[in-house]
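Q: Here it is, the structure in full.
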Amino acid sequence: MVVADIIKLLDANVISNEIDMNHPVKTVCGSDMMSDVLAFIKKDAVLLTGLNNLQVLRTAEMMDIVCIVFVRGKTPSAEMVAMADELNIYMLQTQYTMFDTCGILYEAGLRGGRKVDG
Amino acid sequence: MDSIHYHYLVDGEDFARAGEASSSLKSKLKQLGFPPDVIRRCSIAIYEGEINMVIHADGGDIDVDIYPDKIVMVLKDKGPGIPDIDLAMQAGWSTAKEQILSLGFGAGMGLPNMKKSSDEMNVETEIGVGTTVTMTVNVPN
Ligand SMILES: Nc1ncnc2c1ncn2[C@@H]1O[C@H](COP(=O)(O)OP(=O)(O)O)[C@@H](O)[C@H]1O
Ligand SMILES: [Mg+2]
């Protein structure tokens with residue numbers, strides 16, 4: 001799956017100015033808690049979140065996250081858009097809720113971290 | 001062996017700016033050509049530590065020494081200290097208030113993940129004086 005597939009499946013708006021539609025995505029993590037993301041996210045990931053602040057981008061930067069999808073129509077600030085472009089992190093926005101966003105991507109074959117050890 | 005040394009001042013007042021030191025270290029490690037797994041582990045360790053300094057300790061100082069075979073990160077604050085470090089190390093244990101949770105942190109996962117991500121972690125803490133967390137990530141050869 002690539003970024004363009006995510007956009008289509010989630011009927012998403014592209015928030016970033018710079019985006020590579022053909023960038024591969026392999027896994028998904030949905031959370032509003034950044035510590036969970038820092039503990040559990042895998043490589044080439046999409047992050048689904050309802051949290052809308054600069055720490056979402058910092059977390060994405062630290063974990064080399066490909067793409068952030070803001071659920072429930074959350075709109076990142078102009079400062080966040082500029083920072084995302086600079087960091088080469090793609091930002092999308094969908095009107096779907098977290099549950100439905102996860103369901104749509106799961107149904108399309110994407111998976112998360114499965115179970116957490118211990 | 002000589003190291004490359006970096007010092008960062010972490011502002012405890014501004015949550016939006018938390019992570020700037022971590023971001024800077026990450027780009028430097030990338031420039032220096034360290035393996036992706038080493039960079040990832042350092043990034044997680046320093047970022048959770050930097051966030052802790054901001055949300056629990058009103059900021060502090062970060063000193064990083066980069067050697068060819070290891071990266072040593074020292075995070076020092078003059079915050080309240082940690083009364084029971086064994087308890088604080090437990091996954092899910094947190095004193096963070098609702099306001100911190102609404103910012104995406106305070107799940108009590110930081111210290112355990114810092115320990116897991118580094119090869120060595122040492123916490124020195126004194127009530128009313130402050131906390132110093134030292135983390136080492138080894139570079140496999
Ligand atoms: N630098 C620090 N100064 C004072 N207390 C700290 C510091 N770092 C961590 N703590 C304490 O340890 C607890 C657990 O930390 P952590 O595992 O990072 O979880 P969280 O930050 O989500 O609460 C914190 O809630 C706080 O009480
Ligand atoms: Mg923490």
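In the structure tokens, each chain is lettered A, B, ... as it comes, each chain's residues begin at 1, and ligands are numbered from 1 in order of appearance.
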Leu87 of chain B: which residues within 12 Å, counting only C-alpha atoms, same-chain residues fewer than 6 positions away excluded, as a list in words?

A: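 Answer for this query is Trp93, Ser94, Thr95, Gly108, Leu111 and Pro112 of chain B.
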
Q: What residues of the protein or nucleic acid chains come within 7 Å of ligand 2 when you use only C-alpha atoms and all ligand atoms? Reply as a PyMOL selection string.

A: chain B and resi 48-49+51-52+105-106+108-111

Q: Using the selection just defined, write its residues with all heavy atoms as a compact mmCIF listing (two decimals), in the first residue's frame.

A:
# COMPACT_ATOMS: atom_id res chain seq x y z
N GLU B 48 11.73 10.99 25.36
CA GLU B 48 10.94 10.73 26.58
C GLU B 48 11.59 11.44 27.78
O GLU B 48 10.89 11.97 28.64
CB GLU B 48 10.81 9.23 26.84
CG GLU B 48 9.77 8.53 25.97
CD GLU B 48 8.32 8.81 26.39
OE1 GLU B 48 8.09 9.66 27.27
OE2 GLU B 48 7.42 8.16 25.80
N GLY B 49 12.92 11.43 27.83
CA GLY B 49 13.62 12.10 28.92
C GLY B 49 13.44 13.60 28.89
O GLY B 49 13.22 14.24 29.94
N ILE B 51 10.92 15.23 27.50
CA ILE B 51 9.52 15.49 27.88
C ILE B 51 9.38 15.44 29.40
O ILE B 51 8.75 16.31 30.00
CB ILE B 51 8.57 14.46 27.20
CG1 ILE B 51 8.52 14.66 25.68
CG2 ILE B 51 7.17 14.53 27.83
CD1 ILE B 51 7.70 15.84 25.20
N ASN B 52 9.97 14.44 30.04
CA ASN B 52 9.90 14.36 31.50
C ASN B 52 10.46 15.60 32.18
O ASN B 52 9.89 16.11 33.14
CB ASN B 52 10.65 13.12 32.02
CG ASN B 52 9.80 11.87 31.93
OD1 ASN B 52 8.62 11.94 31.59
ND2 ASN B 52 10.40 10.74 32.24
N PHE B 105 0.84 13.07 26.72
CA PHE B 105 1.83 12.39 27.56
C PHE B 105 1.23 12.10 28.94
O PHE B 105 0.11 12.50 29.20
CB PHE B 105 3.12 13.21 27.67
CG PHE B 105 3.92 13.14 26.39
CD1 PHE B 105 3.72 14.07 25.37
CD2 PHE B 105 4.82 12.11 26.20
CE1 PHE B 105 4.43 13.98 24.18
CE2 PHE B 105 5.53 12.02 25.02
CZ PHE B 105 5.34 12.95 24.01
N GLY B 106 1.99 11.39 29.78
CA GLY B 106 1.50 11.08 31.12
C GLY B 106 0.87 9.71 31.24
O GLY B 106 0.11 9.44 32.15
N GLY B 108 2.65 7.12 31.77
CA GLY B 108 3.54 6.32 32.62
C GLY B 108 4.40 5.33 31.84
O GLY B 108 4.86 4.33 32.38
N MET B 109 4.63 5.61 30.59
CA MET B 109 5.41 4.71 29.72
C MET B 109 6.81 5.23 29.44
O MET B 109 7.60 4.56 28.78
CB MET B 109 4.69 4.53 28.37
CG MET B 109 3.27 4.04 28.46
SD MET B 109 3.22 2.36 29.04
CE MET B 109 4.00 1.57 27.63
N GLY B 110 7.11 6.44 29.90
CA GLY B 110 8.36 7.08 29.51
C GLY B 110 9.60 6.40 30.07
O GLY B 110 10.46 5.93 29.33
N LEU B 111 9.69 6.33 31.41
CA LEU B 111 10.88 5.73 32.03
C LEU B 111 11.09 4.28 31.59
O LEU B 111 12.22 3.91 31.23
CB LEU B 111 10.80 5.85 33.57
CG LEU B 111 11.07 7.25 34.14
CD1 LEU B 111 10.72 7.30 35.63
CD2 LEU B 111 12.52 7.68 33.92

Q: Please compute the atom CA of Ser24 of chain B-atom CA of Val2 of chain A distance, one decimal, in Å.

A: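 Computing the Euclidean distance for atom CA of Ser24 of chain B and atom CA of Val2 of chain A yields 29.1 Å.
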
Q: Residues near Leu9 of chain A, anyone? I mean within 12 Å using only C-alpha atoms, not counting same-chain ones fewer than 5 positions away, as a ChimeraX atom specification.

A: /A:1-4,69,92-96,100-110

Q: Create the file for the chosen residues now, containing C-alpha atoms and written as a PDB file, in the first residue's frame.

A:
ATOM      1  CA  MET A   1       0.000   0.000   0.000  1.00  0.00           C
ATOM      2  CA  VAL A   2       1.138   3.572  -0.662  1.00  0.00           C
ATOM      3  CA  VAL A   3       0.140   7.028   0.618  1.00  0.00           C
ATOM      4  CA  ALA A   4      -2.270   7.541  -2.302  1.00  0.00           C
ATOM      5  CA  VAL A  69      -3.736  11.190   9.634  1.00  0.00           C
ATOM      6  CA  LEU A  92      -3.680  14.130   6.027  1.00  0.00           C
ATOM      7  CA  GLN A  93      -7.069  14.862   7.511  1.00  0.00           C
ATOM      8  CA  THR A  94     -10.144  12.632   7.521  1.00  0.00           C
ATOM      9  CA  GLN A  95     -13.661  13.228   8.817  1.00  0.00           C
ATOM     10  CA  TYR A  96     -13.921   9.615  10.026  1.00  0.00           C
ATOM     11  CA  ASP A 100     -13.903   3.960  11.727  1.00  0.00           C
ATOM     12  CA  THR A 101     -10.519   5.084  10.391  1.00  0.00           C
ATOM     13  CA  CYS A 102      -8.871   2.027  11.995  1.00  0.00           C
ATOM     14  CA  GLY A 103     -11.636  -0.238  10.670  1.00  0.00           C
ATOM     15  CA  ILE A 104     -11.334   1.010   7.111  1.00  0.00           C
ATOM     16  CA  LEU A 105      -7.573   0.530   7.013  1.00  0.00           C
ATOM     17  CA  TYR A 106      -7.758  -2.864   8.733  1.00  0.00           C
ATOM     18  CA  GLU A 107     -10.337  -4.045   6.237  1.00  0.00           C
ATOM     19  CA  ALA A 108      -8.036  -2.904   3.448  1.00  0.00           C
ATOM     20  CA  GLY A 109      -5.357  -5.245   4.802  1.00  0.00           C
ATOM     21  CA  LEU A 110      -3.162  -2.988   6.937  1.00  0.00           C
TER      22      LEU A 110
END

Q: Per residue of chain B within 7 Å of chain A, which atom pair is closest and at what distance in Å (one decimal), using only C-alpha atoms, listed by chain and increasing number, as a tab-separated table?

A:
residue	atom	partner	partner_atom	distance
B:Ala16	CA	A:Leu54	CA	5.9
B:Gly19	CA	A:Arg58	CA	6.4
B:Arg40	CA	A:Met63	CA	6.6
B:Ser43	CA	A:Met62	CA	5.6
B:Ile44	CA	A:Leu38	CA	6.5
B:Gly104	CA	A:Met33	CA	4.4
B:Phe105	CA	A:Met33	CA	5.9
B:Ala107	CA	A:Ser35	CA	6.6
B:Met109	CA	A:Ser35	CA	5.9
B:Gly110	CA	A:Ser35	CA	6.4
B:Asn113	CA	A:Ala39	CA	6.3

Q: Show me, as a PyMOL selection string, the residues that have an atom within 9 Å of Tyr90 of chain A when counting only C-alpha atoms, minus same-chain residues fewer than 4 positions from it.

A: chain A and resi 3+14-20+65-69+84-85

Q: Set the distance at 6 Å and use only C-alpha atoms: which residues neighbour segment 121-132 of chain B once local chain neighbours fewer than 5 positions away are removed? I'd like the list as a list in words.

A: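 In the requested format, the answer is Leu75, Lys76, Asp77, Lys78, Gly79, Pro80, Gly81 and Lys115 of chain B.
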
Q: Could you pull the residues within 10 Å of Val10 of chain B, counting only C-alpha atoms, minus those fewer than 6 positions along the same chain, as number ranges by chain?

A: B: 17-21, 50-51, 53-54, 58-62, 75-77

Q: For the selection just defined, write its residues with N, CA and C atoms to a file, as a PDB file, in the first residue's frame.

A:
ATOM      1  N   ARG B  17       7.825  23.648  22.700  1.00  0.00           N
ATOM      2  CA  ARG B  17       9.216  23.539  22.261  1.00  0.00           C
ATOM      3  C   ARG B  17       9.917  22.283  22.786  1.00  0.00           C
ATOM      4  N   ALA B  18       9.247  21.532  23.649  1.00  0.00           N
ATOM      5  CA  ALA B  18       9.848  20.292  24.159  1.00  0.00           C
ATOM      6  C   ALA B  18      10.139  19.364  22.990  1.00  0.00           C
ATOM      7  N   GLY B  19      11.337  18.822  22.973  1.00  0.00           N
ATOM      8  CA  GLY B  19      11.712  17.938  21.869  1.00  0.00           C
ATOM      9  C   GLY B  19      12.706  18.570  20.915  1.00  0.00           C
ATOM     10  N   GLU B  20      12.987  19.847  21.099  1.00  0.00           N
ATOM     11  CA  GLU B  20      13.951  20.505  20.197  1.00  0.00           C
ATOM     12  C   GLU B  20      15.360  19.942  20.359  1.00  0.00           C
ATOM     13  N   ALA B  21      15.740  19.652  21.595  1.00  0.00           N
ATOM     14  CA  ALA B  21      17.062  19.057  21.825  1.00  0.00           C
ATOM     15  C   ALA B  21      17.131  17.678  21.171  1.00  0.00           C
ATOM     16  N   GLU B  50      13.504  14.170  27.699  1.00  0.00           N
ATOM     17  CA  GLU B  50      13.326  15.616  27.557  1.00  0.00           C
ATOM     18  C   GLU B  50      11.900  16.018  27.940  1.00  0.00           C
ATOM     19  N   ILE B  51      10.923  15.226  27.500  1.00  0.00           N
ATOM     20  CA  ILE B  51       9.523  15.487  27.877  1.00  0.00           C
ATOM     21  C   ILE B  51       9.378  15.437  29.403  1.00  0.00           C
ATOM     22  N   MET B  53      11.586  16.101  31.641  1.00  0.00           N
ATOM     23  CA  MET B  53      12.189  17.307  32.223  1.00  0.00           C
ATOM     24  C   MET B  53      11.225  18.486  32.144  1.00  0.00           C
ATOM     25  N   VAL B  54      10.478  18.558  31.059  1.00  0.00           N
ATOM     26  CA  VAL B  54       9.562  19.689  30.862  1.00  0.00           C
ATOM     27  C   VAL B  54       8.299  19.524  31.708  1.00  0.00           C
ATOM     28  N   ASP B  58      10.391  21.233  35.280  1.00  0.00           N
ATOM     29  CA  ASP B  58      10.652  22.629  34.942  1.00  0.00           C
ATOM     30  C   ASP B  58      11.938  22.831  34.122  1.00  0.00           C
ATOM     31  N   GLY B  59      12.249  21.842  33.295  1.00  0.00           N
ATOM     32  CA  GLY B  59      13.401  21.983  32.391  1.00  0.00           C
ATOM     33  C   GLY B  59      14.706  21.538  33.014  1.00  0.00           C
ATOM     34  N   GLY B  60      15.801  21.795  32.315  1.00  0.00           N
ATOM     35  CA  GLY B  60      17.111  21.375  32.802  1.00  0.00           C
ATOM     36  C   GLY B  60      18.159  21.399  31.709  1.00  0.00           C
ATOM     37  N   ASP B  61      19.189  20.578  31.898  1.00  0.00           N
ATOM     38  CA  ASP B  61      20.310  20.536  30.953  1.00  0.00           C
ATOM     39  C   ASP B  61      20.490  19.131  30.395  1.00  0.00           C
ATOM     40  N   ILE B  62      20.778  19.066  29.111  1.00  0.00           N
ATOM     41  CA  ILE B  62      21.117  17.775  28.496  1.00  0.00           C
ATOM     42  C   ILE B  62      22.533  17.858  27.957  1.00  0.00           C
ATOM     43  N   LEU B  75      20.780  13.712  31.342  1.00  0.00           N
ATOM     44  CA  LEU B  75      19.685  14.668  31.483  1.00  0.00           C
ATOM     45  C   LEU B  75      19.583  15.068  32.949  1.00  0.00           C
ATOM     46  N   LYS B  76      19.874  16.342  33.222  1.00  0.00           N
ATOM     47  CA  LYS B  76      19.976  16.788  34.610  1.00  0.00           C
ATOM     48  C   LYS B  76      18.964  17.905  34.868  1.00  0.00           C
ATOM     49  N   ASP B  77      18.162  17.734  35.907  1.00  0.00           N
ATOM     50  CA  ASP B  77      17.217  18.805  36.244  1.00  0.00           C
ATOM     51  C   ASP B  77      17.264  19.137  37.727  1.00  0.00           C
TER      52      ASP B  77
END

Q: Counting only C-alpha atoms and all ligand atoms, which of B:Asp11, B:Cys42, B:Ile82, B:Gln31 gets nearest to ligand 1?

A: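 Ranking B:Asp11, B:Cys42, B:Ile82, B:Gln31 by distance to ligand 1, first place goes to B:Ile82.
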
Q: Tell me, which residues of chain B carry DSSP alpha helix (DSSP H), written as a VMD selection string?

A: chain B and resid 20 to 31 36 to 57 85 to 88 98 to 101 110 to 117

Q: If you run DSSP over the backbone, which residues in segment 90-140 of chain B end up strand (DSSP E)? Put them as a ChimeraX atom specification.

A: /B:120-126,130-138

Q: By how many Å are atom CA of Glu79 of chain A and atom CA of Ile55 of chain B apart?

A: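 Distance between the two atoms: 22.0 Å.
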